[in-house]
Each structure stands twice: as C-alpha cells, then as structure tokens.
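Below: data-v1.txt (compact mmCIF, C-alpha atoms)
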# COMPACT_ATOMS: atom_id res chain seq x y z
CA MET A 6 27.29 -175.52 -9.12
CA ALA A 7 26.84 -173.40 -12.22
CA THR A 8 24.74 -170.28 -11.82
CA HIS A 9 21.76 -170.02 -14.16
CA ILE A 10 21.36 -166.61 -15.77
CA ASP A 11 18.01 -165.61 -17.16
CA LEU A 12 19.09 -163.78 -20.30
CA SER A 13 15.58 -162.44 -20.84
CA GLN A 14 16.09 -160.28 -17.73
CA LEU A 15 19.23 -158.53 -18.95
CA PRO A 16 18.89 -154.74 -19.26
CA GLN A 17 17.78 -153.71 -22.73
CA GLU A 18 20.83 -151.46 -23.12
CA LEU A 19 23.11 -154.46 -22.66
CA VAL A 20 21.11 -156.61 -25.09
CA GLU A 21 21.34 -153.82 -27.67
CA LEU A 22 25.14 -153.70 -27.24
CA ILE A 23 25.27 -157.44 -27.85
CA PHE A 24 23.09 -157.11 -30.93
CA ILE A 25 25.09 -154.40 -32.72
CA ARG A 26 28.24 -156.55 -32.37
CA LEU A 27 26.80 -159.53 -34.23
CA ARG A 28 28.90 -160.55 -37.21
CA GLY A 29 26.94 -162.99 -39.35
CA ALA A 30 23.56 -164.52 -40.06
CA LYS A 31 24.27 -167.46 -37.79
CA ASP A 32 24.87 -165.02 -34.92
CA ILE A 33 21.56 -163.28 -35.61
CA ILE A 34 19.69 -166.59 -35.77
CA ARG A 35 21.18 -167.67 -32.43
CA PHE A 36 20.44 -164.24 -30.94
CA ARG A 37 16.79 -164.52 -31.97
CA ALA A 38 16.58 -168.02 -30.47
CA VAL A 39 17.52 -166.86 -26.94
CA CYS A 40 14.03 -165.69 -25.95
CA SER A 41 11.02 -163.80 -27.22
CA SER A 42 12.27 -160.41 -26.01
CA TRP A 43 15.59 -160.80 -27.87
CA ARG A 44 13.73 -161.91 -30.99
CA PHE A 45 11.41 -158.87 -30.73
CA LEU A 46 14.39 -156.53 -30.36
CA SER A 47 16.05 -157.91 -33.50
CA SER A 48 12.79 -157.55 -35.45
CA CYS A 49 12.47 -153.90 -34.37
CA ALA A 50 16.17 -153.07 -34.77
CA ARG A 51 15.70 -151.15 -38.01
CA SER A 52 12.88 -148.95 -36.70
CA ARG A 53 14.89 -148.27 -33.53
CA GLY A 54 17.97 -147.23 -35.49
CA LEU A 55 20.09 -150.11 -34.17
CA LEU A 56 22.84 -150.69 -36.73
CA LEU A 57 25.38 -153.48 -36.68
CA MET A 58 28.91 -152.25 -36.08
CA LYS A 59 30.26 -154.34 -38.98
CA PRO A 60 28.65 -155.31 -42.27
CA LEU A 61 27.44 -158.90 -42.47
CA THR A 62 29.41 -161.33 -44.56
CA PRO A 63 27.90 -162.77 -47.77
CA MET A 64 26.63 -166.30 -47.33
CA LEU A 65 25.30 -168.99 -49.63
CA LEU A 66 21.84 -170.44 -49.02
CA LEU A 67 21.86 -174.13 -49.91
CA PRO A 68 18.51 -175.76 -50.73
CA SER A 69 17.07 -178.81 -49.08
CA ASN A 70 17.47 -182.16 -50.82
CA ASN A 71 16.31 -185.76 -50.56
CA ASP A 72 18.70 -186.49 -47.70
CA ASP A 73 17.99 -183.41 -45.61
CA ARG A 74 14.76 -181.41 -45.69
CA PHE A 75 16.43 -178.37 -44.10
CA HIS A 76 18.09 -175.48 -45.89
CA HIS A 77 21.61 -174.54 -44.86
CA LEU A 78 23.56 -171.28 -44.74
CA PHE A 79 27.18 -171.75 -45.78
CA ASP A 80 29.60 -169.40 -44.01
CA PHE A 81 32.92 -168.92 -45.80
CA SER A 82 34.57 -167.51 -42.66
CA ASP A 83 34.57 -170.93 -40.98
CA GLY A 84 33.79 -173.21 -43.93
CA LYS A 85 30.68 -174.59 -42.24
CA ALA A 86 27.00 -174.79 -43.12
CA ALA A 87 24.42 -174.06 -40.43
CA ARG A 88 20.98 -175.66 -40.63
CA ILE A 89 18.15 -173.16 -41.00
CA PRO A 90 14.54 -174.40 -40.86
CA LEU A 91 12.40 -172.68 -43.48
CA PRO A 92 8.88 -174.10 -43.23
CA GLU A 93 7.74 -170.96 -45.07
CA PHE A 94 9.30 -172.45 -48.23
CA ASN A 95 7.10 -175.54 -48.25
CA GLY A 96 5.25 -175.70 -51.57
CA LYS A 97 7.09 -172.68 -52.96
CA TRP A 98 9.62 -171.96 -55.67
CA CYS A 99 12.33 -169.41 -54.83
CA CYS A 100 13.53 -167.50 -57.89
CA HIS A 101 15.73 -164.60 -56.76
CA SER A 102 17.41 -162.91 -53.81
CA TRP A 103 18.03 -159.26 -52.94
CA LYS A 104 20.37 -158.72 -49.99
CA GLY A 105 18.69 -160.73 -47.21
CA TRP A 106 15.32 -161.07 -48.95
CA LEU A 107 14.10 -163.89 -51.19
CA VAL A 108 11.40 -163.85 -53.87
CA THR A 109 9.07 -166.84 -53.59
CA ILE A 110 6.14 -168.11 -55.67
CA THR A 111 3.60 -170.55 -54.27
CA CYS A 112 3.32 -173.61 -56.50
CA TYR A 113 -0.46 -173.78 -56.54
CA PRO A 114 -3.27 -171.34 -57.46
CA PRO A 115 -3.48 -168.41 -57.27
CA TYR A 116 0.37 -168.54 -57.15
CA PRO A 117 1.06 -165.73 -54.63
CA ILE A 118 4.38 -163.91 -54.99
CA GLU A 119 6.20 -162.72 -51.86
CA PHE A 120 9.34 -160.96 -50.71
CA PHE A 121 10.50 -162.96 -47.69
CA ASN A 122 13.17 -161.89 -45.18
CA LEU A 123 15.35 -164.86 -44.31
CA ILE A 124 16.19 -163.63 -40.80
CA SER A 125 13.20 -161.63 -39.52
CA ARG A 126 10.67 -163.79 -41.45
CA ALA A 127 8.89 -160.62 -42.58
CA ARG A 128 6.72 -161.04 -45.69
CA ILE A 129 5.68 -158.56 -48.37
CA GLN A 130 2.85 -159.69 -50.66
CA LEU A 131 3.18 -158.69 -54.33
CA PRO A 132 0.37 -158.74 -56.93
CA LEU A 133 -0.68 -162.10 -58.34
CA PRO A 134 0.83 -163.25 -61.67
CA GLU A 135 -2.64 -163.28 -63.26
CA THR A 136 -2.59 -159.45 -63.10
CA LEU A 137 0.39 -159.21 -65.46
CA GLN A 138 -0.45 -157.62 -68.78
CA ASP A 139 0.32 -160.84 -70.64
CA PRO A 140 -0.02 -163.69 -68.15
CA PRO A 141 0.68 -167.24 -69.35
CA PRO A 142 -2.20 -168.43 -71.58
CA ASN A 143 -2.69 -171.45 -69.35
CA VAL A 144 -1.45 -170.58 -65.89
CA GLU A 145 -1.92 -174.04 -64.43
CA SER A 146 0.16 -175.74 -67.13
CA THR A 147 2.92 -173.11 -67.24
CA PRO A 148 6.15 -173.94 -65.36
CA ILE A 149 6.25 -171.90 -62.17
CA GLU A 150 9.72 -170.52 -62.99
CA MET A 151 8.22 -168.72 -66.01
CA PHE A 152 6.09 -166.40 -63.87
CA ILE A 153 8.85 -164.26 -62.38
CA ASP A 154 12.58 -164.46 -63.15
CA LYS A 155 13.83 -161.61 -60.94
CA ALA A 156 12.32 -158.92 -58.74
CA ILE A 157 14.01 -156.08 -56.87
CA PRO A 158 12.81 -153.16 -54.71
CA SER A 159 13.73 -149.49 -54.95
CA SER A 160 14.47 -149.43 -51.21
CA ASN A 161 13.89 -151.63 -48.19
CA PRO A 162 10.79 -153.71 -49.03
CA LEU A 163 9.18 -152.64 -45.76
CA ASP A 164 9.23 -148.96 -46.74
CA PRO A 165 5.69 -147.77 -47.59
CA ASP A 166 6.94 -145.92 -50.70
CA CYS A 167 8.88 -148.89 -52.06
CA VAL A 168 8.49 -149.78 -55.75
CA PHE A 169 9.18 -153.27 -57.12
CA LEU A 170 10.43 -154.10 -60.61
CA ALA A 171 10.31 -157.61 -62.05
CA ILE A 172 11.44 -159.52 -65.12
CA HIS A 173 8.51 -161.76 -65.97
CA GLY A 174 7.18 -164.31 -68.42
CA ASN A 175 8.95 -166.53 -70.89
CA ARG A 176 9.75 -163.43 -72.99
CA GLY A 177 11.50 -161.61 -70.15
CA LYS A 178 9.41 -158.43 -70.07
CA LEU A 179 9.48 -155.74 -67.37
CA ALA A 180 6.65 -154.97 -64.94
CA PHE A 181 6.43 -152.89 -61.79
CA CYS A 182 4.15 -152.35 -58.83
CA LYS A 183 4.11 -150.00 -55.90
CA SER A 184 3.75 -151.02 -52.29
CA LYS A 185 0.23 -152.42 -51.67
CA ASP A 186 -0.72 -152.33 -55.35
CA ASN A 187 -3.03 -155.12 -56.48
CA THR A 188 -1.82 -155.32 -60.08
CA TRP A 189 1.41 -155.34 -62.07
CA LYS A 190 1.97 -152.72 -64.77
CA THR A 191 4.06 -153.89 -67.73
CA LEU A 192 6.40 -151.29 -69.21
CA THR A 193 6.12 -150.53 -72.91
CA SER A 194 9.23 -151.82 -74.64
CA ASP A 195 10.26 -153.02 -78.09
CA ALA A 196 12.96 -155.15 -76.45
CA ILE A 197 12.39 -158.42 -74.59
CA ASN A 198 14.45 -161.04 -72.83
CA TYR A 199 16.00 -158.77 -70.23
CA ASP A 200 18.78 -160.37 -68.20
CA ASP A 201 19.13 -158.17 -65.15
CA ILE A 202 17.73 -155.13 -63.34
CA LEU A 203 19.23 -152.63 -60.90
CA TYR A 204 18.08 -149.59 -58.94
CA TYR A 205 20.77 -147.08 -59.91
CA LYS A 206 20.91 -143.38 -59.02
CA ASN A 207 17.19 -143.16 -58.19
CA HIS A 208 16.04 -145.02 -61.30
CA PHE A 209 15.48 -148.62 -62.31
CA ILE A 210 17.61 -149.78 -65.23
CA ALA A 211 17.54 -153.06 -67.14
CA VAL A 212 19.95 -154.83 -69.46
CA GLY A 213 19.03 -157.06 -72.38
CA PRO A 214 20.35 -158.11 -75.78
CA PHE A 215 19.99 -154.59 -77.21
CA GLY A 216 21.58 -152.52 -74.46
CA VAL A 217 20.73 -150.92 -71.15
CA PHE A 218 17.43 -149.11 -70.68
CA GLN A 219 16.08 -146.76 -68.02
CA CYS A 220 12.59 -147.50 -66.73
CA ASP A 221 10.13 -144.62 -66.66
CA ILE A 222 7.56 -145.76 -64.09
CA ASP A 223 6.01 -142.36 -63.39
CA SER A 224 4.66 -140.80 -66.57
CA GLU A 225 4.80 -142.78 -69.81
CA GLN A 226 5.56 -146.15 -68.20
CA LYS A 227 8.05 -147.25 -70.83
CA VAL A 228 11.75 -147.95 -71.21
CA ILE A 229 14.20 -145.31 -72.47
CA PRO A 230 17.62 -146.08 -74.04
CA PHE A 231 20.35 -145.56 -71.45
CA ALA A 232 23.53 -147.21 -72.82
CA PRO A 233 24.44 -149.22 -75.93
CA PRO A 234 24.91 -153.00 -75.97
CA VAL A 235 28.31 -154.58 -75.44
CA VAL A 236 27.92 -158.18 -76.58
CA PHE A 237 25.26 -159.47 -78.93
CA GLY A 238 24.03 -163.04 -78.94
CA CYS A 239 21.94 -165.24 -76.71
CA PHE A 240 24.64 -167.49 -75.25
CA ASN A 241 25.59 -165.15 -72.46
CA ARG A 242 24.11 -163.61 -69.34
CA LYS A 243 24.56 -160.01 -68.30
CA TYR A 244 24.64 -158.51 -64.82
CA LEU A 245 24.47 -154.87 -63.69
CA VAL A 246 26.65 -153.73 -60.79
CA GLU A 247 27.13 -150.37 -59.11
CA PHE A 248 30.83 -149.81 -58.37
CA PHE A 249 31.49 -146.65 -56.34
CA GLY A 250 28.92 -144.72 -58.36
CA ASP A 251 30.01 -146.15 -61.70
CA LEU A 252 27.97 -148.67 -63.66
CA LEU A 253 29.56 -152.01 -64.46
CA LEU A 254 28.30 -154.60 -66.90
CA VAL A 255 29.45 -158.18 -66.33
CA VAL A 256 29.09 -160.62 -69.21
CA ARG A 257 29.07 -164.33 -68.40
CA HIS A 258 29.59 -166.46 -71.47
CA LEU A 259 27.92 -169.87 -71.71
CA ASP A 260 28.88 -172.90 -73.72
CA TRP A 261 27.97 -176.58 -73.97
CA GLU A 262 30.15 -179.65 -74.09
CA ASP A 263 27.99 -180.86 -76.99
CA GLN A 264 25.59 -178.23 -78.32
CA TYR A 265 23.68 -180.87 -80.31
CA SER A 266 22.84 -183.03 -77.29
CA ASP A 267 19.95 -182.26 -74.93
CA ALA A 268 21.85 -184.05 -72.17
CA SER A 269 25.00 -181.96 -72.64
CA ASP A 270 26.39 -180.06 -69.66
CA HIS A 271 26.52 -176.27 -69.87
CA TYR A 272 29.47 -174.40 -68.41
CA THR A 273 30.98 -170.91 -68.08
CA PRO A 274 34.20 -170.51 -70.10
CA LYS A 275 34.90 -166.86 -69.19
CA PHE A 276 33.68 -163.54 -67.79
CA GLU A 277 34.14 -160.03 -69.19
CA LEU A 278 33.75 -156.75 -67.30
CA PHE A 279 32.95 -153.31 -68.71
CA LYS A 280 32.58 -149.87 -67.11
CA LEU A 281 30.30 -147.24 -68.58
CA ASP A 282 31.80 -143.91 -69.61
CA SER A 283 28.66 -141.95 -68.77
CA ARG A 284 29.80 -138.82 -70.61
CA ASN A 285 30.47 -140.49 -73.97
CA LEU A 286 28.08 -143.42 -73.44
CA VAL A 287 30.67 -146.05 -74.32
CA TRP A 288 31.72 -149.19 -72.47
CA ASN A 289 35.38 -149.60 -71.56
CA GLU A 290 36.74 -153.00 -70.68
CA LEU A 291 37.67 -153.37 -67.02
CA SER A 292 40.48 -155.78 -66.19
CA SER A 293 40.36 -155.79 -62.41
CA LEU A 294 38.12 -155.28 -59.38
CA GLY A 295 41.13 -154.54 -57.17
CA ASP A 296 40.56 -155.55 -53.57
CA HIS A 297 36.91 -156.42 -54.19
CA ALA A 298 35.00 -159.61 -54.91
CA LEU A 299 31.78 -160.06 -56.85
CA PHE A 300 28.99 -162.60 -56.25
CA LEU A 301 26.71 -163.63 -59.12
CA GLY A 302 23.84 -166.04 -59.61
CA HIS A 303 20.12 -165.95 -58.83
CA ASN A 304 20.67 -162.73 -56.88
CA GLN A 305 21.13 -159.01 -57.15
CA ALA A 306 24.87 -158.84 -57.77
CA ILE A 307 26.85 -158.36 -54.54
CA LEU A 308 30.14 -156.44 -54.41
CA ILE A 309 32.25 -156.50 -51.25
CA SER A 310 35.64 -155.32 -50.03
CA THR A 311 37.98 -158.21 -49.34
CA ASN A 312 39.78 -155.99 -46.85
CA GLU A 313 36.64 -156.19 -44.70
CA PHE A 314 35.95 -159.85 -45.51
CA ASN A 315 39.32 -161.56 -45.79
CA GLU A 316 37.72 -164.98 -46.12
CA PHE A 317 37.16 -164.08 -49.78
CA LYS A 318 39.81 -163.66 -52.46
CA PRO A 319 40.34 -160.23 -54.03
CA ASP A 320 39.72 -159.60 -57.72
CA CYS A 321 37.55 -162.70 -58.02
CA ILE A 322 34.02 -163.53 -59.16
CA TYR A 323 32.17 -166.10 -57.05
CA PHE A 324 29.39 -167.56 -59.15
CA VAL A 325 26.67 -170.19 -58.96
CA ASP A 326 24.54 -171.70 -61.70
CA ASP A 327 21.66 -169.49 -62.88
CA TYR A 328 20.92 -171.18 -66.20
CA ILE A 329 17.29 -171.86 -65.36
CA GLU A 330 16.75 -174.47 -68.06
CA GLY A 331 19.39 -176.60 -66.41
CA TYR A 332 17.08 -177.36 -63.49
CA PHE A 333 14.25 -178.71 -65.60
CA GLU A 334 15.34 -179.67 -69.10
CA ARG A 335 18.66 -181.36 -68.51
CA ALA A 336 19.89 -184.07 -66.20
CA ALA A 337 22.88 -181.89 -65.31
CA GLY A 338 20.94 -179.77 -62.83
CA CYS A 339 22.75 -176.94 -61.04
CA HIS A 340 26.46 -177.56 -61.30
CA ASP A 341 28.09 -174.59 -63.08
CA MET A 342 29.68 -172.80 -60.14
CA GLY A 343 33.10 -171.73 -59.01
CA ILE A 344 35.53 -168.85 -58.58
CA PHE A 345 36.97 -166.87 -61.50
CA ASN A 346 40.23 -164.97 -60.91
CA LEU A 347 40.16 -161.83 -63.05
CA LYS A 348 43.89 -161.12 -62.80
CA ALA A 349 44.90 -164.64 -63.84
CA HIS A 350 41.97 -165.06 -66.27
CA ALA A 351 41.57 -168.50 -64.75
CA PHE A 352 39.19 -170.49 -62.60
CA GLU A 353 40.21 -171.15 -59.01
CA PRO A 354 39.63 -174.49 -57.26
CA GLU A 355 35.93 -175.18 -56.96
CA LEU A 356 33.63 -173.99 -54.23
CA PRO A 357 33.68 -176.32 -51.20
CA PHE A 358 30.73 -178.43 -52.40
CA THR A 359 30.51 -180.23 -55.70
CA GLN A 360 27.18 -182.01 -55.70
CA ILE A 361 24.57 -181.34 -58.38
CA TRP A 362 21.63 -179.28 -57.13
CA LEU A 363 18.10 -179.57 -58.45
CA SER A 364 16.97 -176.17 -57.18
CA PRO A 365 18.77 -172.80 -57.03
CA LEU A 366 21.44 -171.65 -54.61
CA PHE A 367 21.37 -168.01 -53.48
CA TRP A 368 24.00 -165.53 -52.42
CA ILE A 369 22.63 -163.36 -49.61
CA ILE A 370 23.76 -160.64 -47.25
CA PRO A 371 21.45 -161.04 -44.26
CA GLU A 372 19.57 -157.97 -43.11
CA LEU A 373 16.64 -157.23 -40.85

Would you write the structure of this file as structure tokens?
Amino acid sequence: MATHIDLSQLPQELVELIFIRLRGAKDIIRFRAVCSSWRFLSSCARSRGLLLMKPLTPMLLLPSNNDDRFHHLFDFSDGKAARIPLPEFNGKWCCHSWKGWLVTITCYPPYPIEFFNLISRARIQLPLPETLQDPPPNVESTPIEMFIDKAIPSSNPLDPDCVFLAIHGNRGKLAFCKSKDNTWKTLTSDAINYDDILYYKNHFIAVGPFGVFQCDIDSEQKVIPFAPPVVFGCFNRKYLVEFFGDLLLVVRHLDWEDQYSDASDHYTPKFELFKLDSRNLVWNELSSLGDHALFLGHNQAILISTNEFNEFKPDCIYFVDDYIEGYFERAAGCHDMGIFNLKAHAFEPELPFTQIWLSPLFWIIPEL
C-alpha cells in the first residue's frame, strides 16, 4: 500500500529548497497548486530573498479561442502547451507584457488599467484612461486598443517607488505615473507615434519616427533628443533592446501582399539591427547576436543566452504579430510570426502553431 505524504507538513527549509530549483512557469504553477502554504511561500519568495537557481525560460502565452476558453503557456523545452486558467482576463483586453507581468484594460467603463502578474496573480492598479491629458473624445465609442499600446515599469511593479511609462492614444504619445498616482501626466513632445519604450541606465527612453528620446519625468516633464533616427517611414516597427549595456535598435519592416486591398495579408520581409555608438551618437549596423536569441511582439523585448536555454536557436529573432490593425481591420488576424536567422538572412521553419489568432500572443519570462 502506498504511503500518503502530507506535503503541507514538510519543513519550510525543504520546501524552500524545492522552490529555488524550479525551472519554468509550469513548475511554479504546479508548486503553487500543492497547498495553501506552498502557494503563500511562492507569493512571498521575493520579499524573503528566495531566488531561483536558474533563470526561467521564455514562454509564449496563447490566448483562448472559440474551441477552448482557457489560455495556454507554450514551453519550447518540451514543445507542449499547458492550460492556465485566467478568469482575471474575463472582459479585459491585454495589450502588452513586461517579463512576467501583463497590462490589461477592462472593456467597460471606467476602463481600469492594471499590471497583472501571471504567476502570483498580483495586481497593480494604474490611473484611469480618462485622466490622460488628451483622452479619446468619445471614450465609449473608441476601440479599447487605442487607450494604451504599451506600458512598462522602472522596476518591479510592486516596488513603492516604481514609475510607469505608457504609449497611449491613437497618436502614440507618452505619459507616466508614479506608484499610487491617480492621474497620468503626458510628456511634452513635438514627436508622436512612438513605437517602443525602455528603461535604460536609470532613464526611460522612447523610439519613434524621428529618433530616440530620453524622458524627463522629474523637472520639465518633456522628451529630450537622445539619438538620431535610423530608418524613416511608417511601414516599419522599431524595438529598443539593452545588450550588455549597449543600446540596440531593431527595425522590423512590414509589407503587404497587395497594398491596395483592405483584405491583403501583411507580413515581415526582413529585420535590421543597429547598435548605438554612444560617444559619436551614430548607429552602426549589427550583423549578429552571437549565441543569443531575441523575442519580439507585444512585449518588452527579451534577450536570452542560448547557452543557458538550448531549446532556442542562436542568432535568431523569434517574433509574433504585433500589427494591431490586423486584429480588427483585416480578416487576416494575427498570423505574421516566425523565426528569423540573422546569419543566414532567412526565415526558419514556422513556429509550432500556424493558426490565425484574433487576439495577441505574448512572450513572457515568468517572475513572482
């Protein structure tokens, strides 16, 4: 007869040793499901200084669909997707991810905006969209995806001194708030339509059509020129990445099979990488990421070592569709995804799922 072991009675020191050896999000989810005391320990791990022995692997959060109301986490280490119930997402639009956190907007008034931790289920309430300096003229008739495009914190969102920066509105302006603020403050800027934001060397920076700008959130609350533009034009998306202290700019070019047809499919024909020469303020083309891989989409760009995560290919960009209009204005939905090999300047075989998605997919690195 098998002996039943009450895992809730294990010594805390032993449970902590088990916890710090967890490898992926699925392990953490299963750990938290054992009992209430294990779940409490995982929720308090950060405040107790419990650090995982190995970094967690990037995963892809797949949305629910008509056939399955559950979200799934796809793990590239075993090629399997684990079901993850997210009742907190009911009636919400998810627009962006930062590490293991997701930015959600409730789809009905007053449209609360939250940072939500996928694993611990912690929530951080941000100011309402009506407090933006130039909110939509008719909030109730404005598509929800036009409220906030991206939002990132200056540190862990749970830190009391954390500051949040967002790209907002259909003109892509910049606004910030501090922890527990009740209103957004829009930064003064002649530029609009920012593509990406990054907290870099103790400052927020943002990239748009006219270059990279540093955000002064303390005194004048405006943007300051930081680096010149690389590529002009609107048919591309730009991403900011910190690479061992250097600043990288990734340009994703977009094209259409038939630019004169509203039903035409968009696609990515190529990527270009540039590294900033901070002394001379010029961008130099970068041909390789070496033994690293980059993950792009509706997320803060993720850079990992493929020596640590050998399930991913070195010198490759893993990307998902982040052309927001594709979800709402075209029948194509979310389909522009794959793997781009920088060395070969070619696209690898597709990601292991080819269906068209009607809501965003998110790269995440789970954290508590």

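One finds CA of His76 in chain A at 25.1 Å from CA of Cys49 in chain A.
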
| query | Do you know which residues are at most 12 Å from Gly250 in chain A counting only C-alpha atoms, after dropping those on the same chain fewer than 4 positions away, and could you put them as JSON, numbers by chain? | reply | {"A": [204, 205, 206, 207, 246, 280, 281, 282, 283]}

| field | Polymer residues at most 10 Å from (22.9, -161.6, -31.5) by all atoms listed in the file, as a ChimeraX atom specification | value | /A:20-39,43-44,46-47,57

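The closest residue to Pro354 in chain A, picked from A:Leu203, A:Cys321, A:Ala86, A:Cys99 and counting all atoms listed in the file, is A:Cys321.
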
| task | Tell me which protein, DNA and RNA residues are within 12 Å of Met64 in chain A, counting all atoms listed in the file, leaving out same-chain ones fewer than 3 positions away, and put them as an MDAnalysis selection string. | result | chainID A and resid 28:31 61 67 77:87 102 104:105 123 300 304 307 309 314 316:317 323 366:372

| field | Atom-to-atom span, CA of Gln226 in chain A and CA of Asp195 in chain A, Å | value | 12.9 Å

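Between Arg257 in chain A and the residues A:Val325, A:Ile153, A:Ile202, A:Ile118, the shortest atom-to-atom distance, using all atoms listed in the file, involves A:Val325.
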
Output requested as a PDB file, in the frame of the given file - range 10-19 of chain A, filled out with all heavy atoms.
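Result written to part.pdb:
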ATOM      1  N   ILE A  10      21.651-168.014 -15.500  1.00  0.00           N
ATOM      2  CA  ILE A  10      21.360-166.610 -15.770  1.00  0.00           C
ATOM      3  C   ILE A  10      20.185-166.529 -16.718  1.00  0.00           C
ATOM      4  O   ILE A  10      20.194-167.132 -17.796  1.00  0.00           O
ATOM      5  CB  ILE A  10      22.583-165.896 -16.390  1.00  0.00           C
ATOM      6  CG1 ILE A  10      23.778-165.946 -15.434  1.00  0.00           C
ATOM      7  CG2 ILE A  10      22.237-164.450 -16.740  1.00  0.00           C
ATOM      8  CD1 ILE A  10      25.043-165.348 -16.016  1.00  0.00           C
ATOM      9  N   ASP A  11      19.177-165.817 -16.307  1.00  0.00           N
ATOM     10  CA  ASP A  11      18.010-165.610 -17.160  1.00  0.00           C
ATOM     11  C   ASP A  11      18.296-164.460 -18.109  1.00  0.00           C
ATOM     12  O   ASP A  11      18.194-163.281 -17.738  1.00  0.00           O
ATOM     13  CB  ASP A  11      16.782-165.315 -16.295  1.00  0.00           C
ATOM     14  CG  ASP A  11      15.497-165.226 -17.120  1.00  0.00           C
ATOM     15  OD1 ASP A  11      15.591-165.296 -18.364  1.00  0.00           O
ATOM     16  OD2 ASP A  11      14.421-165.085 -16.524  1.00  0.00           O
ATOM     17  N   LEU A  12      18.685-164.811 -19.341  1.00  0.00           N
ATOM     18  CA  LEU A  12      19.090-163.780 -20.300  1.00  0.00           C
ATOM     19  C   LEU A  12      17.950-162.853 -20.669  1.00  0.00           C
ATOM     20  O   LEU A  12      18.177-161.724 -21.116  1.00  0.00           O
ATOM     21  CB  LEU A  12      19.665-164.444 -21.556  1.00  0.00           C
ATOM     22  CG  LEU A  12      20.954-165.261 -21.340  1.00  0.00           C
ATOM     23  CD1 LEU A  12      21.373-165.932 -22.635  1.00  0.00           C
ATOM     24  CD2 LEU A  12      22.070-164.377 -20.817  1.00  0.00           C
ATOM     25  N   SER A  13      16.714-163.306 -20.504  1.00  0.00           N
ATOM     26  CA  SER A  13      15.580-162.440 -20.840  1.00  0.00           C
ATOM     27  C   SER A  13      15.465-161.265 -19.874  1.00  0.00           C
ATOM     28  O   SER A  13      14.755-160.291 -20.163  1.00  0.00           O
ATOM     29  CB  SER A  13      14.283-163.242 -20.835  1.00  0.00           C
ATOM     30  OG  SER A  13      13.989-163.706 -19.522  1.00  0.00           O
ATOM     31  N   GLN A  14      16.167-161.350 -18.731  1.00  0.00           N
ATOM     32  CA  GLN A  14      16.090-160.280 -17.730  1.00  0.00           C
ATOM     33  C   GLN A  14      17.249-159.293 -17.836  1.00  0.00           C
ATOM     34  O   GLN A  14      17.342-158.374 -17.011  1.00  0.00           O
ATOM     35  CB  GLN A  14      16.054-160.904 -16.330  1.00  0.00           C
ATOM     36  CG  GLN A  14      14.853-161.806 -16.084  1.00  0.00           C
ATOM     37  CD  GLN A  14      13.538-161.083 -16.303  1.00  0.00           C
ATOM     38  OE1 GLN A  14      13.330-159.972 -15.815  1.00  0.00           O
ATOM     39  NE2 GLN A  14      12.633-161.710 -17.073  1.00  0.00           N
ATOM     40  N   LEU A  15      18.130-159.479 -18.803  1.00  0.00           N
ATOM     41  CA  LEU A  15      19.230-158.530 -18.950  1.00  0.00           C
ATOM     42  C   LEU A  15      18.696-157.154 -19.340  1.00  0.00           C
ATOM     43  O   LEU A  15      17.679-157.048 -20.034  1.00  0.00           O
ATOM     44  CB  LEU A  15      20.192-159.005 -20.044  1.00  0.00           C
ATOM     45  CG  LEU A  15      21.067-160.226 -19.734  1.00  0.00           C
ATOM     46  CD1 LEU A  15      21.943-160.556 -20.944  1.00  0.00           C
ATOM     47  CD2 LEU A  15      21.942-159.983 -18.512  1.00  0.00           C
ATOM     48  N   PRO A  16      19.339-156.098 -18.884  1.00  0.00           N
ATOM     49  CA  PRO A  16      18.890-154.740 -19.260  1.00  0.00           C
ATOM     50  C   PRO A  16      18.888-154.584 -20.776  1.00  0.00           C
ATOM     51  O   PRO A  16      19.768-155.099 -21.475  1.00  0.00           O
ATOM     52  CB  PRO A  16      19.943-153.837 -18.606  1.00  0.00           C
ATOM     53  CG  PRO A  16      20.537-154.649 -17.515  1.00  0.00           C
ATOM     54  CD  PRO A  16      20.493-156.073 -17.970  1.00  0.00           C
ATOM     55  N   GLN A  17      17.904-153.870 -21.288  1.00  0.00           N
ATOM     56  CA  GLN A  17      17.780-153.710 -22.730  1.00  0.00           C
ATOM     57  C   GLN A  17      19.022-153.064 -23.330  1.00  0.00           C
ATOM     58  O   GLN A  17      19.441-153.418 -24.434  1.00  0.00           O
ATOM     59  CB  GLN A  17      16.555-152.864 -23.058  1.00  0.00           C
ATOM     60  CG  GLN A  17      16.359-152.652 -24.572  1.00  0.00           C
ATOM     61  CD  GLN A  17      15.062-151.983 -24.899  1.00  0.00           C
ATOM     62  OE1 GLN A  17      14.009-152.375 -24.423  1.00  0.00           O
ATOM     63  NE2 GLN A  17      15.132-150.934 -25.727  1.00  0.00           N
ATOM     64  N   GLU A  18      19.642-152.126 -22.604  1.00  0.00           N
ATOM     65  CA  GLU A  18      20.830-151.460 -23.120  1.00  0.00           C
ATOM     66  C   GLU A  18      21.950-152.452 -23.370  1.00  0.00           C
ATOM     67  O   GLU A  18      22.686-152.355 -24.366  1.00  0.00           O
ATOM     68  CB  GLU A  18      21.311-150.373 -22.148  1.00  0.00           C
ATOM     69  CG  GLU A  18      20.364-149.193 -21.999  1.00  0.00           C
ATOM     70  CD  GLU A  18      19.191-149.503 -21.067  1.00  0.00           C
ATOM     71  OE1 GLU A  18      19.183-150.610 -20.471  1.00  0.00           O
ATOM     72  OE2 GLU A  18      18.291-148.665 -20.936  1.00  0.00           O
ATOM     73  N   LEU A  19      22.072-153.453 -22.495  1.00  0.00           N
ATOM     74  CA  LEU A  19      23.110-154.460 -22.660  1.00  0.00           C
ATOM     75  C   LEU A  19      22.788-155.385 -23.838  1.00  0.00           C
ATOM     76  O   LEU A  19      23.675-155.739 -24.620  1.00  0.00           O
ATOM     77  CB  LEU A  19      23.244-155.275 -21.368  1.00  0.00           C
ATOM     78  CG  LEU A  19      24.299-156.390 -21.376  1.00  0.00           C
ATOM     79  CD1 LEU A  19      25.673-155.824 -21.712  1.00  0.00           C
ATOM     80  CD2 LEU A  19      24.333-157.100 -20.017  1.00  0.00           C
TER      81      LEU A  19
END
